[in-house]
Structure formats: structure tokens, C-alpha cells
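Notes for the one structure printed next.
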Amino acid sequence: HRPGATARKPCTDGRALSMARGMNLVVCGGALLLIVWVLWDAFETILLTRRVPARLRISRFVLNWLWIAWAAIARGITARGRRETFLSFYALLSIIGLLIIWATVLIVGFALLHWADGSQLAGGIGNAGWAADLYMSGTTFFTLGLGDLHPMSAAARIITVTEAGTGFGFLALVIAYLPVLYQSFARREAR
């Protein structure tokens, strides 16, 4: 600031507010797309009995990436029997890894919705911002309902209830899918 010069006022007009709203709408739209993408991928992977040739599937990315890493480790195992045993674990562990990735992305997606809503959560001291949104999303998705954070706005309540229902349905789907997986792997091993 030079002597005699007038100081600029901070941008307190509607421009900053409209930019923040625009950013929140972009984050909200991205979060909704992320959630729908994961749920659609889980639906196609778990419930559809036929192969779906879609290119942009999370499961395709995750399973390919995991296979590249798993096969690279297997190439370092010289004993054929140990290498084959190691490779036989890939299918089951990759499905578990995929379920973890889906759950993590859903939790992050719902946390982004809370963040785009302005982190309308109440609870103890210091419970604002991204960390609180992520914590709230995790406890809601896994239906823990600890009660230390709770939604304050109508939008935050809708997000919370939707996430709890999604998490409950996702966990029920996973639990129902595990016996089917076990039977498939048992038939494969019997052959």
C-alpha cells in the first residue's frame, strides 16, 4: 500500500458469493455423478448375469490395476507351486478390494455432498470442514449412527438419510453376494 493511494476493498459483493455457489454446484454435480457411477458399476458387476462391455467401469480399472500388480509380484516367485498358489488368491482378494474401493468412493462422494452443502453439521467443538464431512459420511454409510455429529439443514438431513439407505443396501448386497462367490470358487477348486 503506497502513501496516498486508496486501499482496495475486499471482494464482498455478489461475485464471490456467486463463484462459491457455482463451485458448490460443480462439486455437488461431480459427487452425484461419482455416486451414480459406483452404484451402476456395482449393479452391473454383482447383479447382472451377463457380461457388460462398458469401457468406463470402476471395476474394470480396479481389477486391471490389481492384476498388473499381482502378476508382477507372481513373476518374482520362482517355485511354480508357490506361484500358482499365490495367483489363486487373486480372484477372491480382488473382489474384496473392489468392494473396499466401491465403499470408499461412495463415502467420499457423500462427504463431497455434505461439503457442497456447506458442512451443515453440528456436534462437538471443531467439527466443521472436510474432515467432519468425511467422518459423518463414513459413520452414516456403515450405519454406525454414533450421534456425535448430526445434520442441521434440510439438505444435510436428506443426504444423511439417503446415504444411510445406500450404505445399508450396499452392505446387504455384499453380504448376499459372498455365498454366491464362495460357491463359485468352491466349484472352481473342485474342478
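Residues are referred to by chain and number: the chain letter is A, B, ... according to the order shown in the C-alpha cells, the number counts from 1 in that chain, and ligands are numbered separately from 1 in the order shown.
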
Residues of range 97-148 of chain A classed as alpha helix (DSSP H) by DSSP on the backbone are to be reported as an mmCIF file with all heavy atoms, in the first residue's frame.
data_model
loop_
_atom_site.group_PDB
_atom_site.id
_atom_site.type_symbol
_atom_site.label_atom_id
_atom_site.label_comp_id
_atom_site.auth_asym_id
_atom_site.auth_seq_id
_atom_site.Cartn_x
_atom_site.Cartn_y
_atom_site.Cartn_z
ATOM 1 N N GLY A 97 -11.084 -56.315 -2.590
ATOM 2 C CA GLY A 97 -10.511 -54.999 -2.875
ATOM 3 C C GLY A 97 -11.483 -54.107 -3.620
ATOM 4 O O GLY A 97 -11.594 -52.909 -3.340
ATOM 5 N N LEU A 98 -12.212 -54.675 -4.571
ATOM 6 C CA LEU A 98 -13.196 -53.909 -5.327
ATOM 7 C C LEU A 98 -14.318 -53.415 -4.421
ATOM 8 O O LEU A 98 -14.744 -52.254 -4.526
ATOM 9 C CB LEU A 98 -13.758 -54.769 -6.461
ATOM 10 C CG LEU A 98 -14.743 -54.095 -7.398
ATOM 11 C CD1 LEU A 98 -14.114 -52.906 -8.100
ATOM 12 C CD2 LEU A 98 -15.265 -55.096 -8.408
ATOM 13 N N LEU A 99 -14.776 -54.246 -3.516
ATOM 14 C CA LEU A 99 -15.818 -53.831 -2.575
ATOM 15 C C LEU A 99 -15.326 -52.688 -1.690
ATOM 16 O O LEU A 99 -16.076 -51.741 -1.409
ATOM 17 C CB LEU A 99 -16.270 -55.015 -1.727
ATOM 18 C CG LEU A 99 -16.954 -56.159 -2.478
ATOM 19 C CD1 LEU A 99 -17.204 -57.339 -1.544
ATOM 20 C CD2 LEU A 99 -18.251 -55.695 -3.118
ATOM 21 N N ILE A 100 -14.082 -52.765 -1.271
ATOM 22 C CA ILE A 100 -13.497 -51.687 -0.453
ATOM 23 C C ILE A 100 -13.413 -50.397 -1.254
ATOM 24 O O ILE A 100 -13.736 -49.313 -0.742
ATOM 25 C CB ILE A 100 -12.124 -52.119 0.097
ATOM 26 C CG1 ILE A 100 -12.305 -53.222 1.138
ATOM 27 C CG2 ILE A 100 -11.363 -50.937 0.678
ATOM 28 C CD1 ILE A 100 -11.015 -53.900 1.556
ATOM 29 N N ILE A 101 -12.994 -50.494 -2.505
ATOM 30 C CA ILE A 101 -12.901 -49.299 -3.366
ATOM 31 C C ILE A 101 -14.283 -48.688 -3.563
ATOM 32 O O ILE A 101 -14.463 -47.474 -3.459
ATOM 33 C CB ILE A 101 -12.256 -49.645 -4.734
ATOM 34 C CG1 ILE A 101 -10.820 -50.106 -4.562
ATOM 35 C CG2 ILE A 101 -12.354 -48.476 -5.710
ATOM 36 C CD1 ILE A 101 -9.856 -49.050 -4.128
ATOM 37 N N TRP A 102 -15.284 -49.521 -3.868
ATOM 38 C CA TRP A 102 -16.642 -49.000 -4.038
ATOM 39 C C TRP A 102 -17.116 -48.277 -2.784
ATOM 40 O O TRP A 102 -17.654 -47.178 -2.865
ATOM 41 C CB TRP A 102 -17.613 -50.128 -4.351
ATOM 42 C CG TRP A 102 -17.608 -50.623 -5.756
ATOM 43 C CD1 TRP A 102 -17.201 -49.964 -6.881
ATOM 44 C CD2 TRP A 102 -18.048 -51.910 -6.182
ATOM 45 N NE1 TRP A 102 -17.363 -50.762 -7.971
ATOM 46 C CE2 TRP A 102 -17.884 -51.962 -7.587
ATOM 47 C CE3 TRP A 102 -18.559 -53.018 -5.535
ATOM 48 C CZ2 TRP A 102 -18.229 -53.074 -8.334
ATOM 49 C CZ3 TRP A 102 -18.895 -54.133 -6.285
ATOM 50 C CH2 TRP A 102 -18.738 -54.162 -7.664
ATOM 51 N N ALA A 103 -16.949 -48.892 -1.619
ATOM 52 C CA ALA A 103 -17.401 -48.275 -0.368
ATOM 53 C C ALA A 103 -16.662 -46.967 -0.118
ATOM 54 O O ALA A 103 -17.277 -45.959 0.272
ATOM 55 C CB ALA A 103 -17.204 -49.236 0.801
ATOM 56 N N THR A 104 -15.360 -46.952 -0.365
ATOM 57 C CA THR A 104 -14.578 -45.740 -0.138
ATOM 58 C C THR A 104 -15.033 -44.611 -1.055
ATOM 59 O O THR A 104 -15.200 -43.465 -0.617
ATOM 60 C CB THR A 104 -13.077 -46.033 -0.356
ATOM 61 O OG1 THR A 104 -12.681 -47.071 0.544
ATOM 62 C CG2 THR A 104 -12.226 -44.804 -0.128
ATOM 63 N N VAL A 105 -15.252 -44.919 -2.322
ATOM 64 C CA VAL A 105 -15.682 -43.887 -3.269
ATOM 65 C C VAL A 105 -17.081 -43.390 -2.920
ATOM 66 O O VAL A 105 -17.355 -42.184 -3.014
ATOM 67 C CB VAL A 105 -15.603 -44.404 -4.724
ATOM 68 C CG1 VAL A 105 -16.194 -43.407 -5.696
ATOM 69 C CG2 VAL A 105 -14.166 -44.703 -5.097
ATOM 70 N N LEU A 106 -17.962 -44.263 -2.491
ATOM 71 C CA LEU A 106 -19.294 -43.820 -2.061
ATOM 72 C C LEU A 106 -19.202 -42.907 -0.846
ATOM 73 O O LEU A 106 -19.898 -41.879 -0.782
ATOM 74 C CB LEU A 106 -20.189 -45.025 -1.761
ATOM 75 C CG LEU A 106 -20.726 -45.776 -2.973
ATOM 76 C CD1 LEU A 106 -21.432 -47.050 -2.540
ATOM 77 C CD2 LEU A 106 -21.665 -44.894 -3.786
ATOM 78 N N ILE A 107 -18.367 -43.247 0.112
ATOM 79 C CA ILE A 107 -18.203 -42.407 1.304
ATOM 80 C C ILE A 107 -17.661 -41.036 0.914
ATOM 81 O O ILE A 107 -18.160 -40.001 1.380
ATOM 82 C CB ILE A 107 -17.292 -43.106 2.337
ATOM 83 C CG1 ILE A 107 -18.034 -44.294 2.956
ATOM 84 C CG2 ILE A 107 -16.827 -42.138 3.417
ATOM 85 C CD1 ILE A 107 -17.156 -45.212 3.774
ATOM 86 N N VAL A 108 -16.662 -41.010 0.054
ATOM 87 C CA VAL A 108 -16.110 -39.727 -0.401
ATOM 88 C C VAL A 108 -17.161 -38.937 -1.176
ATOM 89 O O VAL A 108 -17.285 -37.714 -1.009
ATOM 90 C CB VAL A 108 -14.832 -39.952 -1.247
ATOM 91 C CG1 VAL A 108 -14.405 -38.689 -1.963
ATOM 92 C CG2 VAL A 108 -13.704 -40.472 -0.365
ATOM 93 N N GLY A 109 -17.942 -39.607 -2.017
ATOM 94 C CA GLY A 109 -18.992 -38.918 -2.769
ATOM 95 C C GLY A 109 -20.016 -38.260 -1.862
ATOM 96 O O GLY A 109 -20.391 -37.095 -2.064
ATOM 97 N N PHE A 110 -20.474 -38.979 -0.846
ATOM 98 C CA PHE A 110 -21.446 -38.388 0.080
ATOM 99 C C PHE A 110 -20.804 -37.302 0.942
ATOM 100 O O PHE A 110 -21.461 -36.315 1.280
ATOM 101 C CB PHE A 110 -22.094 -39.473 0.944
ATOM 102 C CG PHE A 110 -23.192 -40.208 0.242
ATOM 103 C CD1 PHE A 110 -23.009 -41.482 -0.231
ATOM 104 C CD2 PHE A 110 -24.429 -39.609 0.038
ATOM 105 C CE1 PHE A 110 -24.009 -42.167 -0.890
ATOM 106 C CE2 PHE A 110 -25.458 -40.276 -0.615
ATOM 107 C CZ PHE A 110 -25.241 -41.559 -1.085
ATOM 108 N N ALA A 111 -19.529 -37.445 1.277
ATOM 109 C CA ALA A 111 -18.829 -36.384 2.006
ATOM 110 C C ALA A 111 -18.733 -35.129 1.155
ATOM 111 O O ALA A 111 -18.875 -34.001 1.669
ATOM 112 C CB ALA A 111 -17.439 -36.856 2.438
ATOM 113 N N LEU A 112 -18.513 -35.297 -0.141
ATOM 114 C CA LEU A 112 -18.490 -34.140 -1.045
ATOM 115 C C LEU A 112 -19.855 -33.460 -1.104
ATOM 116 O O LEU A 112 -19.941 -32.227 -1.201
ATOM 117 C CB LEU A 112 -18.047 -34.570 -2.445
ATOM 118 C CG LEU A 112 -16.568 -34.858 -2.620
ATOM 119 C CD1 LEU A 112 -16.305 -35.526 -3.968
ATOM 120 C CD2 LEU A 112 -15.746 -33.589 -2.477
ATOM 121 N N LEU A 113 -20.928 -34.235 -1.041
ATOM 122 C CA LEU A 113 -22.264 -33.628 -0.991
ATOM 123 C C LEU A 113 -22.442 -32.801 0.273
ATOM 124 O O LEU A 113 -22.985 -31.694 0.229
ATOM 125 C CB LEU A 113 -23.346 -34.707 -1.078
ATOM 126 C CG LEU A 113 -23.565 -35.364 -2.427
ATOM 127 C CD1 LEU A 113 -24.643 -36.437 -2.326
ATOM 128 C CD2 LEU A 113 -23.943 -34.340 -3.479
ATOM 129 N N HIS A 114 -21.994 -33.338 1.408
ATOM 130 C CA HIS A 114 -22.064 -32.561 2.659
ATOM 131 C C HIS A 114 -21.229 -31.296 2.549
ATOM 132 O O HIS A 114 -21.646 -30.223 2.985
ATOM 133 C CB HIS A 114 -21.575 -33.396 3.850
ATOM 134 C CG HIS A 114 -22.616 -34.311 4.409
ATOM 135 N ND1 HIS A 114 -23.766 -33.865 5.026
ATOM 136 C CD2 HIS A 114 -22.688 -35.656 4.456
ATOM 137 C CE1 HIS A 114 -24.490 -34.889 5.416
ATOM 138 N NE2 HIS A 114 -23.860 -35.994 5.084
ATOM 139 N N TRP A 115 -20.042 -31.413 1.969
ATOM 140 C CA TRP A 115 -19.165 -30.263 1.834
ATOM 141 C C TRP A 115 -19.798 -29.211 0.915
ATOM 142 O O TRP A 115 -19.757 -28.019 1.195
ATOM 143 C CB TRP A 115 -17.804 -30.698 1.292
ATOM 144 C CG TRP A 115 -16.833 -29.572 1.200
ATOM 145 C CD1 TRP A 115 -16.048 -29.094 2.199
ATOM 146 C CD2 TRP A 115 -16.559 -28.776 0.049
ATOM 147 N NE1 TRP A 115 -15.298 -28.047 1.742
ATOM 148 C CE2 TRP A 115 -15.591 -27.832 0.421
ATOM 149 C CE3 TRP A 115 -17.037 -28.770 -1.254
ATOM 150 C CZ2 TRP A 115 -15.093 -26.885 -0.468
ATOM 151 C CZ3 TRP A 115 -16.541 -27.833 -2.140
ATOM 152 C CH2 TRP A 115 -15.577 -26.908 -1.742
ATOM 153 N N ALA A 116 -20.402 -29.665 -0.200
ATOM 154 C CA ALA A 116 -21.052 -28.736 -1.125
ATOM 155 C C ALA A 116 -22.245 -28.054 -0.472
ATOM 156 O O ALA A 116 -22.581 -26.921 -0.828
ATOM 157 C CB ALA A 116 -21.490 -29.471 -2.389
ATOM 158 N N TRP A 130 -13.991 -30.411 5.874
ATOM 159 C CA TRP A 130 -13.894 -31.653 5.120
ATOM 160 C C TRP A 130 -13.733 -32.875 6.020
ATOM 161 O O TRP A 130 -14.357 -33.905 5.783
ATOM 162 C CB TRP A 130 -12.752 -31.551 4.125
ATOM 163 C CG TRP A 130 -12.475 -32.832 3.431
ATOM 164 C CD1 TRP A 130 -11.371 -33.595 3.548
ATOM 165 C CD2 TRP A 130 -13.332 -33.534 2.529
ATOM 166 N NE1 TRP A 130 -11.481 -34.728 2.765
ATOM 167 C CE2 TRP A 130 -12.682 -34.716 2.130
ATOM 168 C CE3 TRP A 130 -14.605 -33.280 2.020
ATOM 169 C CZ2 TRP A 130 -13.236 -35.634 1.248
ATOM 170 C CZ3 TRP A 130 -15.161 -34.201 1.137
ATOM 171 C CH2 TRP A 130 -14.480 -35.360 0.764
ATOM 172 N N ALA A 131 -12.898 -32.797 7.046
ATOM 173 C CA ALA A 131 -12.667 -33.959 7.922
ATOM 174 C C ALA A 131 -13.962 -34.391 8.610
ATOM 175 O O ALA A 131 -14.258 -35.585 8.700
ATOM 176 C CB ALA A 131 -11.591 -33.648 8.949
ATOM 177 N N ALA A 132 -14.739 -33.422 9.060
ATOM 178 C CA ALA A 132 -16.012 -33.756 9.711
ATOM 179 C C ALA A 132 -17.000 -34.338 8.709
ATOM 180 O O ALA A 132 -17.736 -35.280 9.026
ATOM 181 C CB ALA A 132 -16.605 -32.520 10.372
ATOM 182 N N ASP A 133 -17.004 -33.803 7.491
ATOM 183 C CA ASP A 133 -17.889 -34.336 6.450
ATOM 184 C C ASP A 133 -17.538 -35.783 6.120
ATOM 185 O O ASP A 133 -18.410 -36.626 5.970
ATOM 186 C CB ASP A 133 -17.803 -33.486 5.185
ATOM 187 C CG ASP A 133 -18.324 -32.073 5.386
ATOM 188 O OD1 ASP A 133 -19.191 -31.886 6.256
ATOM 189 O OD2 ASP A 133 -17.862 -31.175 4.673
ATOM 190 N N LEU A 134 -16.246 -36.056 6.017
ATOM 191 C CA LEU A 134 -15.790 -37.415 5.720
ATOM 192 C C LEU A 134 -16.132 -38.374 6.870
ATOM 193 O O LEU A 134 -16.597 -39.489 6.648
ATOM 194 C CB LEU A 134 -14.290 -37.405 5.450
ATOM 195 C CG LEU A 134 -13.685 -38.612 4.770
ATOM 196 C CD1 LEU A 134 -14.339 -38.879 3.427
ATOM 197 C CD2 LEU A 134 -12.190 -38.414 4.581
ATOM 198 N N TYR A 135 -15.929 -37.917 8.098
ATOM 199 C CA TYR A 135 -16.260 -38.729 9.273
ATOM 200 C C TYR A 135 -17.772 -39.003 9.332
ATOM 201 O O TYR A 135 -18.197 -40.136 9.553
ATOM 202 C CB TYR A 135 -15.782 -38.015 10.538
ATOM 203 C CG TYR A 135 -16.244 -38.662 11.812
ATOM 204 C CD1 TYR A 135 -15.639 -39.833 12.268
ATOM 205 C CD2 TYR A 135 -17.276 -38.117 12.568
ATOM 206 C CE1 TYR A 135 -16.055 -40.440 13.443
ATOM 207 C CE2 TYR A 135 -17.694 -38.712 13.736
ATOM 208 C CZ TYR A 135 -17.087 -39.872 14.166
ATOM 209 O OH TYR A 135 -17.499 -40.465 15.318
ATOM 210 N N MET A 136 -18.562 -37.963 9.114
ATOM 211 C CA MET A 136 -20.017 -38.112 9.134
ATOM 212 C C MET A 136 -20.457 -39.094 8.044
ATOM 213 O O MET A 136 -21.300 -39.965 8.273
ATOM 214 C CB MET A 136 -20.681 -36.745 8.909
ATOM 215 C CG MET A 136 -22.172 -36.780 8.768
ATOM 216 S SD MET A 136 -22.966 -37.175 10.317
ATOM 217 C CE MET A 136 -24.671 -36.929 9.875
ATOM 218 N N SER A 137 -19.853 -38.972 6.875
ATOM 219 C CA SER A 137 -20.204 -39.855 5.770
ATOM 220 C C SER A 137 -19.849 -41.303 6.089
ATOM 221 O O SER A 137 -20.643 -42.210 5.830
ATOM 222 C CB SER A 137 -19.485 -39.389 4.500
ATOM 223 O OG SER A 137 -19.815 -40.208 3.422
ATOM 224 N N GLY A 138 -18.675 -41.528 6.655
ATOM 225 C CA GLY A 138 -18.263 -42.887 6.998
ATOM 226 C C GLY A 138 -19.167 -43.528 8.040
ATOM 227 O O GLY A 138 -19.577 -44.686 7.898
ATOM 228 N N THR A 139 -19.482 -42.782 9.087
ATOM 229 C CA THR A 139 -20.345 -43.351 10.132
ATOM 230 C C THR A 139 -21.770 -43.551 9.640
ATOM 231 O O THR A 139 -22.451 -44.485 10.059
ATOM 232 C CB THR A 139 -20.358 -42.478 11.402
ATOM 233 O OG1 THR A 139 -20.823 -41.166 11.077
ATOM 234 C CG2 THR A 139 -18.988 -42.402 12.034
ATOM 235 N N THR A 140 -22.212 -42.708 8.725
ATOM 236 C CA THR A 140 -23.557 -42.864 8.174
ATOM 237 C C THR A 140 -23.618 -44.033 7.206
ATOM 238 O O THR A 140 -24.556 -44.831 7.248
ATOM 239 C CB THR A 140 -24.001 -41.567 7.464
ATOM 240 O OG1 THR A 140 -23.937 -40.485 8.393
ATOM 241 C CG2 THR A 140 -25.402 -41.685 6.934
ATOM 242 N N PHE A 141 -22.611 -44.151 6.324
ATOM 243 C CA PHE A 141 -22.618 -45.217 5.327
ATOM 244 C C PHE A 141 -22.626 -46.592 5.982
ATOM 245 O O PHE A 141 -23.318 -47.497 5.537
ATOM 246 C CB PHE A 141 -21.401 -45.079 4.403
ATOM 247 C CG PHE A 141 -21.375 -46.085 3.292
ATOM 248 C CD1 PHE A 141 -22.137 -45.887 2.159
ATOM 249 C CD2 PHE A 141 -20.604 -47.227 3.385
ATOM 250 C CE1 PHE A 141 -22.122 -46.818 1.128
ATOM 251 C CE2 PHE A 141 -20.579 -48.156 2.361
ATOM 252 C CZ PHE A 141 -21.340 -47.947 1.231
#

(message) Neighbouring residues of Val174 in chain A were defined as those with any atom within 12 Å, considering only C-alpha atoms; residues of the same chain fewer than 4 positions away were excluded. Please report them as a ChimeraX atom specification.
(response) /A:42-43,45-47,95-96,98-100,102-103,167-170,178-181

(message) When you look at range 148-157 of chain A with a cut-off of 7 Å (counting only C-alpha atoms), what residues show up, excluding the ones that are within fewer than 2 positions of it in the same chain? I need them as a list in words.
(response)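 So, after excluding close chain neighbours, the residues are His114, Asp117, Gln120, Leu121, Ala122, Gly123, Gly124, Met136, Leu146, Ile159, Thr160 and Val161 of chain A.
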
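Note that the spacing between CA of Gly147 in chain A and CA of Ile35 in chain A amounts to 24.1 Å.
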
(request) Find the residues around Arg60 in chain A up to 12 Å (only C-alpha atoms counted), leave out those fewer than 3 positions away in its own chain, and share them as a ChimeraX atom specification. (result) /A:38,41-42,44-45,51-57,63-67,94-95,98

(message) To one decimal place in Å, what is the distance between CA of Trp37 in chain A and CA of Phe61 in chain A?
(response)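 Taking CA of Trp37 in chain A and CA of Phe61 in chain A, their separation equals 12.9 Å.
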
(request) Can you pull out every residue within 12 Å of range 68-71 of chain A, counting only C-alpha atoms, but drop anything in the same chain fewer than 3 positions away, and send it as a PyMOL selection string? (result) chain A and resi 61-65+74-77+83-84+86-91+93-94

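If you look at CA of Ala186 in chain A and CA of Ser59 in chain A, they are 22.6 Å away from each other.
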
(message) I'd like to know which residues of chain A are strand (DSSP E) (by DSSP, run on the backbone); could you write them as a list in words?
(response)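 Going through chain A, the strand (DSSP E) residues come out as Leu121, Ala122, Gly123, Leu149, His150 and Pro151 of chain A.
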